[in-house]
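Listing of start-v1.cif, mmCIF, C-alpha atoms and all ligand atoms
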```cif
data_upload
loop_
_atom_site.label_atom_id
_atom_site.label_comp_id
_atom_site.auth_asym_id
_atom_site.auth_seq_id
_atom_site.Cartn_x
_atom_site.Cartn_y
_atom_site.Cartn_z
CA MET D 12 -40.38 104.06 47.29
CA ILE D 13 -43.27 102.23 48.96
CA ILE D 14 -42.22 98.60 49.33
CA GLU D 15 -44.72 95.76 49.56
CA PRO D 16 -44.09 92.04 49.84
CA ARG D 17 -44.08 90.18 46.52
CA THR D 18 -43.90 86.42 46.92
CA ARG D 19 -43.17 83.64 44.50
CA GLY D 20 -43.36 80.12 45.93
CA PHE D 21 -41.44 79.97 49.17
CA ILE D 22 -39.46 83.12 48.50
CA CYS D 23 -40.23 86.79 48.84
CA LEU D 24 -38.80 88.95 46.07
CA THR D 25 -38.84 92.25 47.93
CA SER D 26 -37.63 93.35 51.34
CA HIS D 27 -38.15 96.38 53.52
CA PRO D 28 -35.15 98.36 54.83
CA LYS D 29 -36.97 99.83 57.82
CA GLY D 30 -38.49 96.48 58.80
CA CYS D 31 -35.12 94.76 58.56
CA GLU D 32 -33.55 97.55 60.60
CA GLN D 33 -36.24 97.22 63.27
CA ASN D 34 -35.67 93.45 63.46
CA VAL D 35 -31.95 94.01 64.04
CA ILE D 36 -32.62 96.70 66.68
CA ASP D 37 -35.04 94.35 68.46
CA GLN D 38 -32.41 91.60 68.50
CA ILE D 39 -29.78 93.99 69.83
CA GLU D 40 -32.15 95.15 72.59
CA TYR D 41 -32.82 91.54 73.53
CA ILE D 42 -29.10 90.78 73.85
CA LYS D 43 -28.48 93.91 75.90
CA SER D 44 -31.39 92.99 78.22
CA LYS D 45 -29.75 89.63 78.99
CA GLY D 46 -26.47 91.14 80.24
CA ALA D 47 -22.82 90.69 79.34
CA ILE D 48 -21.38 87.38 78.12
CA ASP D 49 -17.70 86.71 78.73
CA GLY D 50 -17.07 85.61 75.15
CA ALA D 51 -14.73 86.08 72.19
CA LYS D 52 -13.53 89.59 71.30
CA LYS D 53 -12.49 89.23 67.67
CA VAL D 54 -15.06 87.30 65.70
CA LEU D 55 -15.43 86.29 62.06
CA VAL D 56 -18.97 85.29 61.10
CA ILE D 57 -19.39 83.44 57.78
CA GLY D 58 -23.07 83.69 56.79
CA ALA D 59 -23.53 86.77 58.97
CA SER D 60 -26.48 88.51 57.35
CA THR D 61 -29.58 86.48 58.25
CA GLY D 62 -30.84 83.70 60.52
CA PHE D 63 -28.49 82.09 63.03
CA GLY D 64 -25.40 83.81 61.65
CA LEU D 65 -26.86 87.30 62.09
CA ALA D 66 -27.99 86.39 65.61
CA SER D 67 -24.45 85.15 66.33
CA ARG D 68 -22.93 88.39 65.10
CA ILE D 69 -25.35 90.46 67.20
CA THR D 70 -24.73 88.31 70.29
CA SER D 71 -20.93 88.57 69.87
CA ALA D 72 -20.99 92.33 69.37
CA PHE D 73 -23.64 93.43 71.83
CA GLY D 74 -23.21 90.61 74.37
CA SER D 75 -19.41 90.46 74.49
CA GLY D 76 -18.35 93.76 72.92
CA ALA D 77 -16.64 91.90 70.08
CA SER D 78 -15.16 93.35 66.93
CA THR D 79 -16.87 91.49 64.08
CA ILE D 80 -16.19 90.83 60.43
CA GLY D 81 -19.23 89.50 58.58
CA VAL D 82 -19.12 87.56 55.30
CA PHE D 83 -22.32 87.01 53.32
CA PHE D 84 -23.76 86.84 49.83
CA GLU D 85 -26.51 89.41 49.38
CA LYS D 86 -28.00 91.37 46.52
CA PRO D 87 -27.36 95.12 46.75
CA PRO D 88 -30.22 97.52 46.04
CA ALA D 89 -30.74 99.30 42.74
CA GLU D 90 -32.96 102.23 41.88
CA GLY D 91 -36.54 101.02 42.41
CA ARG D 92 -35.38 97.51 43.35
CA PRO D 93 -34.90 96.66 47.03
CA ALA D 94 -31.83 94.73 48.21
CA SER D 95 -32.11 91.23 49.65
CA PRO D 96 -32.94 91.32 53.37
CA GLY D 97 -29.45 90.34 54.54
CA TRP D 98 -28.13 93.50 52.93
CA TYR D 99 -30.47 95.70 54.96
CA ASN D 100 -29.85 93.62 58.11
CA SER D 101 -26.10 94.11 57.74
CA ALA D 102 -26.49 97.84 57.10
CA ALA D 103 -28.57 98.17 60.27
CA PHE D 104 -26.18 96.02 62.29
CA GLU D 105 -23.13 98.04 61.28
CA LYS D 106 -24.87 101.34 61.88
CA GLU D 107 -25.78 100.25 65.42
CA ALA D 108 -22.37 98.65 66.08
CA HIS D 109 -20.54 101.80 65.00
CA LYS D 110 -22.85 103.93 67.15
CA ALA D 111 -21.87 101.73 70.08
CA GLY D 112 -18.17 102.19 69.27
CA LEU D 113 -17.71 98.63 68.03
CA TYR D 114 -15.54 97.62 65.08
CA ALA D 115 -17.71 96.05 62.35
CA LYS D 116 -16.84 95.48 58.69
CA SER D 117 -18.39 93.27 56.03
CA ILE D 118 -17.48 91.41 52.87
CA ASN D 119 -20.19 90.59 50.32
CA GLY D 120 -19.37 87.72 47.99
CA ASP D 121 -19.07 83.96 47.57
CA ALA D 122 -17.57 82.57 50.78
CA PHE D 123 -16.76 79.31 48.97
CA SER D 124 -14.33 81.12 46.65
CA ASN D 125 -10.58 81.63 47.13
CA GLU D 126 -10.97 85.34 46.36
CA ILE D 127 -13.38 86.06 49.21
CA LYS D 128 -11.27 83.98 51.61
CA LYS D 129 -8.18 85.96 50.64
CA GLN D 130 -9.97 89.28 50.98
CA THR D 131 -11.19 88.28 54.44
CA LEU D 132 -7.75 87.09 55.56
CA ASP D 133 -6.21 90.36 54.38
CA LEU D 134 -8.80 92.36 56.31
CA ILE D 135 -8.17 90.36 59.50
CA LYS D 136 -4.41 90.85 59.07
CA ALA D 137 -4.78 94.58 58.57
CA ASP D 138 -7.41 95.35 61.21
CA LEU D 139 -7.62 92.66 63.89
CA GLY D 140 -4.32 90.77 63.72
CA GLN D 141 -6.01 87.53 64.72
CA VAL D 142 -9.50 86.16 65.45
CA ASP D 143 -10.48 84.13 68.51
CA MET D 144 -13.79 82.84 67.11
CA VAL D 145 -15.14 81.82 63.72
CA ILE D 146 -18.87 81.17 63.39
CA TYR D 147 -19.73 79.17 60.31
CA SER D 148 -23.41 79.64 59.43
CA LEU D 149 -23.70 79.27 55.68
CA ALA D 150 -26.86 77.91 54.10
CA SER D 151 -26.64 77.67 50.34
CA PRO D 152 -28.20 75.54 47.60
CA VAL D 153 -25.04 75.65 45.44
CA ARG D 154 -21.26 75.69 45.75
CA THR D 155 -18.62 76.19 43.12
CA HIS D 156 -15.55 74.28 44.26
CA PRO D 157 -12.63 76.72 44.42
CA ASP D 158 -10.01 74.23 43.22
CA THR D 159 -11.87 72.43 40.42
CA GLY D 160 -14.51 74.97 39.39
CA VAL D 161 -17.16 72.23 39.58
CA ARG D 162 -20.55 73.63 40.55
CA TYR D 163 -22.41 71.39 43.00
CA LYS D 164 -26.13 71.62 43.69
CA SER D 165 -27.59 70.30 46.92
CA VAL D 166 -30.90 68.45 46.91
CA LEU D 167 -33.45 67.70 49.61
CA LYS D 168 -34.32 64.08 48.99
CA PRO D 169 -34.85 60.92 51.02
CA ILE D 170 -32.34 58.09 50.65
CA GLY D 171 -33.50 54.60 49.66
CA ASP D 172 -37.28 54.88 49.59
CA LYS D 173 -39.70 57.38 48.20
CA PHE D 174 -40.95 59.75 50.91
CA GLN D 175 -44.64 60.34 51.31
CA ASN D 176 -46.19 62.52 53.96
CA LYS D 177 -48.18 65.66 54.63
CA THR D 178 -46.95 69.13 53.91
CA VAL D 179 -48.46 72.60 53.98
CA ASP D 180 -48.29 75.55 51.65
CA PHE D 181 -48.06 78.19 54.37
CA HIS D 182 -49.25 80.98 52.07
CA THR D 183 -52.57 79.27 51.33
CA GLY D 184 -52.82 77.00 54.39
CA VAL D 185 -53.55 74.02 52.16
CA VAL D 186 -52.37 70.70 53.61
CA SER D 187 -51.58 68.09 50.98
CA GLU D 188 -49.67 64.87 50.42
CA VAL D 189 -46.18 65.33 49.09
CA SER D 190 -44.17 62.60 47.52
CA ILE D 191 -40.43 62.90 46.98
CA GLU D 192 -38.41 60.47 44.90
CA PRO D 193 -35.26 59.11 46.55
CA ALA D 194 -31.78 60.41 45.82
CA GLN D 195 -30.11 59.11 42.67
CA GLY D 196 -26.69 59.25 41.11
CA ASP D 197 -24.50 61.91 42.68
CA ASP D 198 -27.29 63.53 44.73
CA ILE D 199 -25.75 62.59 48.08
CA ASP D 200 -22.18 63.56 47.15
CA ASN D 201 -23.35 66.83 45.65
CA THR D 202 -25.30 67.76 48.76
CA VAL D 203 -22.34 66.88 51.00
CA ALA D 204 -20.09 69.01 48.78
CA VAL D 205 -22.34 72.03 49.33
CA MET D 206 -23.52 71.71 52.94
CA GLY D 207 -20.89 69.37 54.46
CA GLY D 208 -17.77 70.48 56.31
CA GLU D 209 -15.18 70.82 53.53
CA ASP D 210 -15.50 74.57 53.17
CA TRP D 211 -15.54 75.13 56.95
CA LYS D 212 -12.22 73.26 57.16
CA MET D 213 -10.82 75.23 54.21
CA TRP D 214 -11.55 78.47 56.04
CA ILE D 215 -9.93 77.32 59.27
CA ASP D 216 -6.88 75.90 57.46
CA ALA D 217 -6.43 79.11 55.51
CA LEU D 218 -6.63 81.23 58.67
CA LYS D 219 -4.30 78.89 60.58
CA ASN D 220 -1.71 78.80 57.80
CA GLU D 221 -1.49 82.57 57.90
CA GLY D 222 -1.17 82.65 61.70
CA LEU D 223 -4.49 84.44 62.10
CA LEU D 224 -5.94 82.21 64.84
CA ALA D 225 -5.40 83.28 68.43
CA GLU D 226 -4.38 80.92 71.25
CA GLY D 227 -7.52 79.23 72.61
CA PHE D 228 -9.34 79.84 69.33
CA THR D 229 -12.84 78.39 68.95
CA THR D 230 -15.01 77.74 65.92
CA ILE D 231 -18.63 76.66 65.71
CA ALA D 232 -20.99 75.49 62.96
CA TYR D 233 -24.71 74.80 63.14
CA SER D 234 -26.55 71.55 62.59
CA TYR D 235 -30.04 70.12 62.89
CA ILE D 236 -31.46 66.75 63.88
CA GLY D 237 -35.24 66.96 64.38
CA PRO D 238 -37.85 64.30 65.11
CA SER D 239 -38.73 60.99 63.44
CA LEU D 240 -41.57 62.81 61.61
CA THR D 241 -39.09 64.63 59.38
CA GLU D 242 -36.25 62.12 59.57
CA ALA D 243 -36.69 60.53 56.14
CA VAL D 244 -36.47 63.84 54.35
CA TYR D 245 -34.07 65.62 56.72
CA ARG D 246 -31.65 63.79 58.99
CA LYS D 247 -31.71 60.49 57.11
CA GLY D 248 -31.96 62.23 53.75
CA THR D 249 -29.34 63.89 51.57
CA ILE D 250 -29.09 67.00 53.79
CA GLY D 251 -28.60 64.74 56.81
CA ARG D 252 -25.56 63.19 55.12
CA ALA D 253 -24.15 66.68 54.73
CA LYS D 254 -24.79 67.37 58.43
CA ASP D 255 -23.08 64.06 59.33
CA HIS D 256 -20.07 65.27 57.35
CA LEU D 257 -20.16 68.71 58.98
CA GLU D 258 -20.30 67.13 62.44
CA ALA D 259 -17.41 64.76 61.64
CA THR D 260 -15.40 67.72 60.35
CA ALA D 261 -15.58 69.32 63.81
CA PHE D 262 -13.35 66.51 65.10
CA THR D 263 -10.86 66.91 62.24
CA ILE D 264 -10.68 70.65 62.81
CA SER D 265 -10.33 70.18 66.59
CA ASP D 266 -7.32 67.90 65.99
CA SER D 267 -5.72 70.51 63.79
CA LEU D 268 -6.27 73.16 66.49
CA LYS D 269 -4.54 71.23 69.29
CA PRO D 270 -1.27 73.22 69.06
CA LEU D 271 -3.35 76.37 69.72
CA ASN D 272 -5.46 74.81 72.46
CA GLY D 273 -8.33 75.43 70.11
CA LYS D 274 -11.58 73.60 69.57
CA ALA D 275 -14.28 73.18 66.94
CA TYR D 276 -17.89 72.70 67.98
CA VAL D 277 -21.13 71.87 66.30
CA SER D 278 -24.31 73.16 67.91
CA VAL D 279 -27.59 71.45 67.11
CA ASN D 280 -30.16 74.23 66.88
CA LYS D 281 -33.93 74.34 66.96
CA ALA D 282 -36.13 74.29 63.83
CA LEU D 283 -36.93 77.87 62.91
CA VAL D 284 -38.40 79.80 60.03
CA THR D 285 -35.52 81.08 57.90
CA GLN D 286 -35.06 81.46 54.18
CA ALA D 287 -33.23 78.13 54.20
CA SER D 288 -35.82 76.12 56.13
CA SER D 289 -38.85 77.47 54.23
CA ALA D 290 -37.52 75.70 51.16
CA ILE D 291 -37.58 72.24 52.74
CA PRO D 292 -40.77 70.23 52.15
CA VAL D 293 -42.66 69.01 55.25
CA ILE D 294 -40.62 71.25 57.57
CA PRO D 295 -43.12 74.17 57.45
CA LEU D 296 -45.95 71.88 58.64
CA TYR D 297 -43.75 70.52 61.40
CA ILE D 298 -42.68 74.03 62.43
CA SER D 299 -46.24 75.34 62.53
CA LEU D 300 -47.24 72.52 64.92
CA LEU D 301 -44.02 72.82 66.93
CA TYR D 302 -44.46 76.59 67.37
CA LYS D 303 -47.99 76.07 68.64
CA VAL D 304 -46.88 73.55 71.27
CA MET D 305 -43.73 75.45 72.32
CA LYS D 306 -45.60 78.75 72.60
CA GLU D 307 -48.26 77.08 74.75
CA GLU D 308 -45.52 75.70 76.98
CA GLY D 309 -43.79 79.10 77.12
CA ILE D 310 -40.56 77.68 75.67
CA HIS D 311 -40.63 79.10 72.14
CA GLU D 312 -37.40 80.75 70.96
CA GLY D 313 -36.28 82.56 67.82
CA CYS D 314 -32.74 82.73 66.41
CA ILE D 315 -31.61 85.41 68.85
CA GLU D 316 -32.94 83.61 71.95
CA GLN D 317 -31.30 80.39 70.74
CA ILE D 318 -27.90 81.96 70.17
CA GLN D 319 -28.02 83.97 73.41
CA ARG D 320 -28.63 80.73 75.29
CA LEU D 321 -25.95 78.94 73.27
CA PHE D 322 -23.33 81.53 74.19
CA GLN D 323 -24.41 82.16 77.79
CA ASP D 324 -25.28 78.65 78.98
CA ARG D 325 -23.10 76.47 76.75
CA LEU D 326 -20.18 77.94 74.86
CA TYR D 327 -18.98 80.47 77.46
CA ALA D 328 -20.30 78.73 80.58
CA ASP D 329 -17.80 77.14 83.01
CA THR D 330 -18.27 73.84 81.23
CA THR D 331 -19.68 73.20 77.77
CA PRO D 332 -22.02 70.22 77.96
CA THR D 333 -22.18 68.03 74.84
CA ASP D 334 -24.08 64.89 73.83
CA ASP D 335 -22.60 61.42 73.16
CA GLU D 336 -21.43 62.58 69.77
CA GLY D 337 -19.71 65.70 71.08
CA ARG D 338 -22.41 68.11 69.91
CA ILE D 339 -23.78 71.06 71.84
CA ARG D 340 -27.58 70.80 72.05
CA ILE D 341 -29.80 73.87 72.10
CA ASP D 342 -32.59 71.91 70.46
CA ASP D 343 -33.21 70.43 73.92
CA TRP D 344 -36.58 72.13 74.38
CA GLU D 345 -37.75 71.24 70.85
CA MET D 346 -36.79 67.60 71.44
CA ARG D 347 -38.43 67.30 74.89
CA ALA D 348 -40.47 64.06 74.96
CA ASP D 349 -43.70 65.82 75.94
CA VAL D 350 -43.30 68.40 73.16
CA GLN D 351 -42.60 65.76 70.53
CA ALA D 352 -45.46 63.52 71.70
CA ARG D 353 -47.87 66.44 71.37
CA VAL D 354 -46.58 67.41 67.92
CA ALA D 355 -46.92 63.79 66.73
CA GLU D 356 -50.56 63.72 67.91
CA LEU D 357 -51.35 67.00 66.17
CA TRP D 358 -49.59 65.80 63.03
CA LYS D 359 -52.15 63.01 62.63
CA GLU D 360 -55.01 65.50 62.97
CA ALA D 361 -53.56 68.10 60.59
CA THR D 362 -55.72 68.93 57.59
CA THR D 363 -56.45 72.13 55.72
CA GLU D 364 -59.53 72.53 57.94
CA THR D 365 -57.91 71.80 61.32
CA LEU D 366 -54.49 73.41 60.88
CA PRO D 367 -55.52 77.03 61.55
CA LYS D 368 -56.68 75.86 64.98
CA ILE D 369 -54.15 73.18 65.94
CA GLY D 370 -51.08 74.77 64.31
CA ASP D 371 -49.45 78.17 64.47
CA LEU D 372 -49.84 79.00 60.81
CA LYS D 373 -50.15 82.69 61.65
CA GLY D 374 -46.90 82.57 63.62
CA TYR D 375 -45.20 80.85 60.70
CA GLU D 376 -46.44 83.42 58.23
CA LYS D 377 -45.46 86.33 60.45
CA ASP D 378 -41.96 84.92 60.97
CA PHE D 379 -41.64 84.35 57.24
CA PHE D 380 -42.62 87.90 56.33
CA ASN D 381 -40.48 89.24 59.19
CA LEU D 382 -37.44 87.68 57.47
CA PHE D 383 -37.97 90.21 54.69
CA GLY D 384 -38.77 93.11 57.00
CA PHE D 385 -42.55 92.89 56.59
CA MET D 386 -45.22 92.64 59.32
CA VAL D 387 -42.76 94.11 61.80
CA GLU D 388 -44.30 96.03 64.67
CA GLY D 389 -43.52 99.74 64.81
CA VAL D 390 -42.85 100.11 61.07
CA ASP D 391 -44.99 102.38 58.92
CA TYR D 392 -45.34 100.57 55.60
CA ASP D 393 -47.16 103.47 53.96
CA GLU D 394 -44.08 105.62 54.38
CA ASP D 395 -41.81 106.33 51.46
CA VAL D 396 -38.44 104.68 52.17
CA ASN D 397 -35.03 104.91 50.54
CA GLU D 398 -34.17 101.53 49.06
CA LEU D 399 -30.59 102.61 48.28
CA VAL D 400 -29.17 101.88 51.74
CA GLU D 401 -25.41 101.48 52.10
CA ILE D 402 -23.58 99.15 54.45
CA PRO D 403 -21.19 101.50 56.28
CA GLY D 404 -18.29 99.06 56.74
CA LEU D 405 -18.63 97.16 53.45
CA GLN D 406 -15.22 96.44 51.92
P1 LIG C 1 -30.03 81.65 56.37
O1 LIG C 1 -30.50 81.36 55.00
O2 LIG C 1 -30.83 82.56 57.22
O3 LIG C 1 -28.52 82.23 56.35
C1 LIG C 1 -27.60 81.85 55.41
C2 LIG C 1 -26.42 82.81 55.38
O4 LIG C 1 -25.43 82.31 54.47
C3 LIG C 1 -26.75 84.23 54.91
O5 LIG C 1 -25.97 85.14 55.65
C4 LIG C 1 -26.28 84.22 53.45
O6 LIG C 1 -25.92 85.50 52.94
C5 LIG C 1 -25.07 83.34 53.57
N1 LIG C 1 -24.64 82.72 52.32
C6 LIG C 1 -25.31 81.81 51.56
N2 LIG C 1 -24.54 81.45 50.50
C7 LIG C 1 -23.38 82.12 50.62
C8 LIG C 1 -22.18 82.17 49.86
N3 LIG C 1 -22.00 81.43 48.76
N4 LIG C 1 -21.19 83.00 50.28
C9 LIG C 1 -21.34 83.77 51.38
N5 LIG C 1 -22.43 83.74 52.15
C10 LIG C 1 -23.44 82.93 51.76
O7 LIG C 1 -29.85 80.22 57.05
P2 LIG C 1 -29.94 79.69 58.54
O8 LIG C 1 -31.23 78.97 58.69
O9 LIG C 1 -29.54 80.72 59.54
O10 LIG C 1 -28.83 78.54 58.47
C11 LIG C 1 -27.53 78.68 58.98
C12 LIG C 1 -27.06 77.33 59.48
O11 LIG C 1 -27.91 76.91 60.56
C13 LIG C 1 -27.15 76.22 58.42
O12 LIG C 1 -26.04 75.36 58.57
C14 LIG C 1 -28.42 75.50 58.79
O13 LIG C 1 -28.45 74.16 58.36
C15 LIG C 1 -28.35 75.58 60.30
N6 LIG C 1 -29.63 75.32 61.01
C16 LIG C 1 -30.80 75.89 60.59
C17 LIG C 1 -31.99 75.58 61.27
C18 LIG C 1 -33.31 76.18 60.84
O14 LIG C 1 -34.34 75.65 61.24
N7 LIG C 1 -33.31 77.26 60.10
C19 LIG C 1 -31.95 74.72 62.38
C20 LIG C 1 -30.75 74.19 62.79
C21 LIG C 1 -29.57 74.49 62.09
NA NA C 2 -27.02 82.37 58.98
#
```
Here is the file; what I need is its structure written in the form of C-alpha cells.
Ligand code: NAD
Ligand code: NA
Amino acid sequence: MIIEPRTRGFICLTSHPKGCEQNVIDQIEYIKSKGAIDGAKKVLVIGASTGFGLASRITSAFGSGASTIGVFFEKPPAEGRPASPGWYNSAAFEKEAHKAGLYAKSINGDAFSNEIKKQTLDLIKADLGQVDMVIYSLASPVRTHPDTGVRYKSVLKPIGDKFQNKTVDFHTGVVSEVSIEPAQGDDIDNTVAVMGGEDWKMWIDALKNEGLLAEGFTTIAYSYIGPSLTEAVYRKGTIGRAKDHLEATAFTISDSLKPLNGKAYVSVNKALVTQASSAIPVIPLYISLLYKVMKEEGIHEGCIEQIQRLFQDRLYADTTPTDDEGRIRIDDWEMRADVQARVAELWKEATTETLPKIGDLKGYEKDFFNLFGFMVEGVDYDEDVNELVEIPGLQ
C-alpha cells in the first residue's frame, strides 16, 4: 500500500515501515561511527521500541555487541492498516541485529502486567541465563496495577495554582494562551502510580528473586527536569511528582542490589520530540525554541546522540559523575545558562507571527513526522510498501 501521514491532534494514526527502518539504520550507523563502548553484554530494555528506549537498545547492541531482549506495547499491522511505529522500528532493529550476528528477541505486551514479566523472565532463563543491565524507558498514560487490577490514569497538571502560559499547535504554528486547572483529588497519586518507580522496582525484584541478575548488575531509568519556564506544568506538576518517586526508587533499588554489587541509576535526559513529549502542553513551544538555540550553538542532540553520550561518557566511563541528588545528567547542554537565557528571551517574543523565524518549528515538525517514519531522507513515499512486516524475534 501507499502510506501517507494521517494526524489527529498530537498523534499520527499511520506509520511508514520503510521510513521507520531507515531511522533505525541511521541510528545504528551513528553508533557504529562512534566506536565500541565497553558496556553490558546481556541487556533487557523495557520500553524498547521508540524514543530513548530504542536508542538504548541500539547503543547496547551496536556499541557493545550486547544480546538484547526488548519489551514494548505496539500495535501489529493488519491488512491495509499500518502498525504503530515501534512495531516497524523493532522489526528493523531485529533484522539488522540478526544480520550482525547479535541475539535479539522481543515481547509485545503490557510491561506492567505479571504475565509479561513472567514471559520475559522465562525467556531470560532459557536464552541468556542472567542479565547485566536493565534499561527502564516506559512512557505510558495508563497502568493497570497487577495486584489490585486498579487502572490508573496519569495527568499533566500543575499543583496548587492554575497554570497559564503560551503554547503552540505545531501543526498549524498558532501560538495561544493555554490555561490548565490544578490537580485535584487523586490526580497526583494516580500519576505517580503510572509514571513513578513502583513498576521499575517490581521488575528488578522479580528478576532478583529468580536469580536472573548478574554480579555487578546495573539498571537505569530516565527522568526530566527542564527550566523554570515549564516547571509549573512539568517538574513541579503531577508528572514531576512521579519523577521524584522514580528518582527516589533508584536509591531503594540500589540498596537491594548491594549483595550483587549492583546499582540503580537515573539519567536526566534532554527535552526531545517523542510521542510522549508531544502530548504535554507548553513543551512543544519550549522545544521549538530550544532546538533553534541548540542548533545555532552546534550542540543539538537527538535520542541516539544522547544515549551514546550517556553510555560512553557517563555510565561506562571510568567514573560516573552524578549531581547532588545522585542523578546522571545528560541534559547538561540543554540546561547551560547561556542556552536557557536565550530561550527565555525568545519565549517572551514568541507569537504566531514571530515563531517561524525565532523558533525551529520546521525542525519540530520534521522530528514529529520522523517518529512515524515520514519525512525521512532516502525513502520513496510513492512506492508501494508491504505493511504486514513481521518482527523476526517476536515471542
Ligand atoms: P516513547 O513514547 O518514545 O517510548 C515509550 C516506550 O514505552 C515505547 O517503547 C512503548 O512501546 C513502551 N510502552 C508504553 N506503555 C507500555 C506498556 N504498558 N507496556 C510495555 N511497553 C510500553 O517515550 P520516551 O520519550 O522515549 O520516554 C521514555 C522515558 O524517557 C520516560 O520515562 C520519559 O519520561 C523519559 N524522558 C523523556 C524525555 C523527552 O523529552 N521525550 C526527556 C527526558 C526523559
Ligand atoms: Na522509550
Next item on the list: Produce as a list in words the set of residues near ligand NA 2 (chain C), where near means within 8 Å with all atoms listed in the file considered.
Entry: Ile57, Gly58, Ala59, Ser60, Thr61, Gly62, Phe63, Gly64, Leu65, Ala66, Ser148, Leu149 and Ala150 of chain D
Set the distance at 8 Å and use all atoms listed in the file: which residues neighbour stretch 235-242 of chain D once local chain neighbours fewer than 3 positions away are removed? I'd like the list as a PDB file with C-alpha atoms, keeping the file's coordinate frame.
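As written to disk, out-v3.pdb reads:
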```
ATOM      1  CA  TYR D 245     -34.070  65.620  56.720  1.00  0.00           C
ATOM      2  CA  ARG D 246     -31.650  63.790  58.990  1.00  0.00           C
ATOM      3  CA  LYS D 247     -31.710  60.490  57.110  1.00  0.00           C
ATOM      4  CA  GLY D 248     -31.960  62.230  53.750  1.00  0.00           C
ATOM      5  CA  GLY D 251     -28.600  64.740  56.810  1.00  0.00           C
ATOM      6  CA  LYS D 254     -24.790  67.370  58.430  1.00  0.00           C
ATOM      7  CA  VAL D 279     -27.590  71.450  67.110  1.00  0.00           C
ATOM      8  CA  ASN D 280     -30.160  74.230  66.880  1.00  0.00           C
ATOM      9  CA  LYS D 281     -33.930  74.340  66.960  1.00  0.00           C
ATOM     10  CA  ALA D 282     -36.130  74.290  63.830  1.00  0.00           C
ATOM     11  CA  VAL D 293     -42.660  69.010  55.250  1.00  0.00           C
ATOM     12  CA  ILE D 294     -40.620  71.250  57.570  1.00  0.00           C
ATOM     13  CA  TYR D 297     -43.750  70.520  61.400  1.00  0.00           C
ATOM     14  CA  MET D 346     -36.790  67.600  71.440  1.00  0.00           C
ATOM     15  CA  GLN D 351     -42.600  65.760  70.530  1.00  0.00           C
ATOM     16  CA  ALA D 355     -46.920  63.790  66.730  1.00  0.00           C
TER      17      ALA D 355
END
```
Notebook entry, point to check: Quick one: residues within 12 Å of stretch 221-224 of chain D, all atoms listed in the file counted, chain neighbours fewer than 3 positions away excluded, as a ChimeraX atom specification?
Noted result: /D:53-55,128-129,131-145,214-218,227-230,267-274
Notebook entry, point to check: If you count all atoms listed in the file, which residues fall within 12 Å of D:Ala72, apart from same-chain ones fewer than 4 positions away, as a ChimeraX atom specification?
Noted result: /D:38-40,42-43,47-56,65-68,76-81,104-105,107-116,319
Item checked: Selected residue, from D:Ile191, D:Ala259, D:Met213, D:Cys314, that lies nearest to ligand LIG 1 (chain C) when counting all atoms listed in the file ->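 Of D:Ile191, D:Ala259, D:Met213, D:Cys314, the one nearest ligand LIG 1 (chain C), counting all atoms listed in the file, is D:Cys314.
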Note to self: Taking all atoms listed in the file into account, name the residue in D:Asn220, D:Gln406, D:Phe383, D:Lys29 that is nearest to D:Phe83.
What the structure shows: D:Gln406
Checklist line | Nearest to D:Asp180, chosen from D:Ile264, D:Leu372, D:Leu167, D:Leu24, with all atoms listed in the file counted in the distances | finding: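 Going through D:Ile264, D:Leu372, D:Leu167, D:Leu24 one by one, the smallest distance to D:Asp180 is for D:Leu372.
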Item checked: Exercise: D:Thr363 partners within 8 Å, all atoms listed in the file, chain neighbours under 6 positions left out, as a PyMOL selection string -> chain D and resi 184-187
Next item on the list: Report the distance between atom O6 of ligand LIG 1 (chain C) and atom CA of D:Leu300 in Å, rounded to one decimal place.
Entry: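 Separation of atom O6 of ligand LIG 1 (chain C) and atom CA of D:Leu300: 27.7 Å.
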Take every atom of stretch 68-75 of chain D listed in the file, fit an axis-aligned box around them, add 5 Å per side, and give the centre and edge lengths in Å to one decimal as lines of an AutoDock Vina configuration file.
```
center_x = -22.4
center_y = 90.9
center_z = 69.8
size_x = 15.9
size_y = 15.1
size_z = 19.4
```
Note to self: Considering only C-alpha atoms, can you say which of D:Glu345, D:Gly30, D:Gly120, D:Glu376 comes closest to D:Lys306?
What the structure shows: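 That would be D:Glu345, the residue with the smallest distance to D:Lys306.
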Next item on the list: Between atom CA of D:Glu401 and atom CA of D:Arg92, measure the distance and give it in Å to one decimal.
Entry: 13.8 Å
Notebook entry, point to check: How far is it from atom O1 of ligand LIG 1 (chain C) to atom CA of D:Arg162, in Å with one decimal?
Noted result: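 Atom CA of D:Arg162 lies at a distance of 19.2 Å from atom O1 of ligand LIG 1 (chain C).
Among the candidates D:Gly374, D:Ile318, D:Val82, D:Ile127, the residue lying nearest to D:Ile69 is D:Ile318 (atoms considered: only C-alpha atoms).
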Check: Hey, which of D:Ile14, D:Leu382, D:Ala103, D:Met305 ends up closest to ligand LIG 1 (chain C)? Count only C-alpha atoms and all ligand atoms.
Finding: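 Of the candidates, the smallest distance to ligand LIG 1 (chain C) is held by D:Leu382.
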As a compact mmCIF listing (two decimals), in the frame of the given file, please: stretch 106-111 of chain D completed to N, CA and C atoms.
```txt
# COMPACT_ATOMS: atom_id res chain seq x y z
N LYS D 106 -24.51 100.00 61.40
CA LYS D 106 -24.87 101.34 61.88
C LYS D 106 -24.94 101.33 63.41
N GLU D 107 -25.62 100.34 63.96
CA GLU D 107 -25.78 100.25 65.42
C GLU D 107 -24.45 99.92 66.10
N ALA D 108 -23.67 99.02 65.49
CA ALA D 108 -22.37 98.65 66.08
C ALA D 108 -21.46 99.87 66.12
N HIS D 109 -21.41 100.62 65.04
CA HIS D 109 -20.54 101.80 65.00
C HIS D 109 -20.99 102.84 66.02
N LYS D 110 -22.31 103.00 66.14
CA LYS D 110 -22.85 103.93 67.15
C LYS D 110 -22.38 103.55 68.54
N ALA D 111 -22.28 102.24 68.77
CA ALA D 111 -21.87 101.73 70.08
C ALA D 111 -20.35 101.67 70.22
```
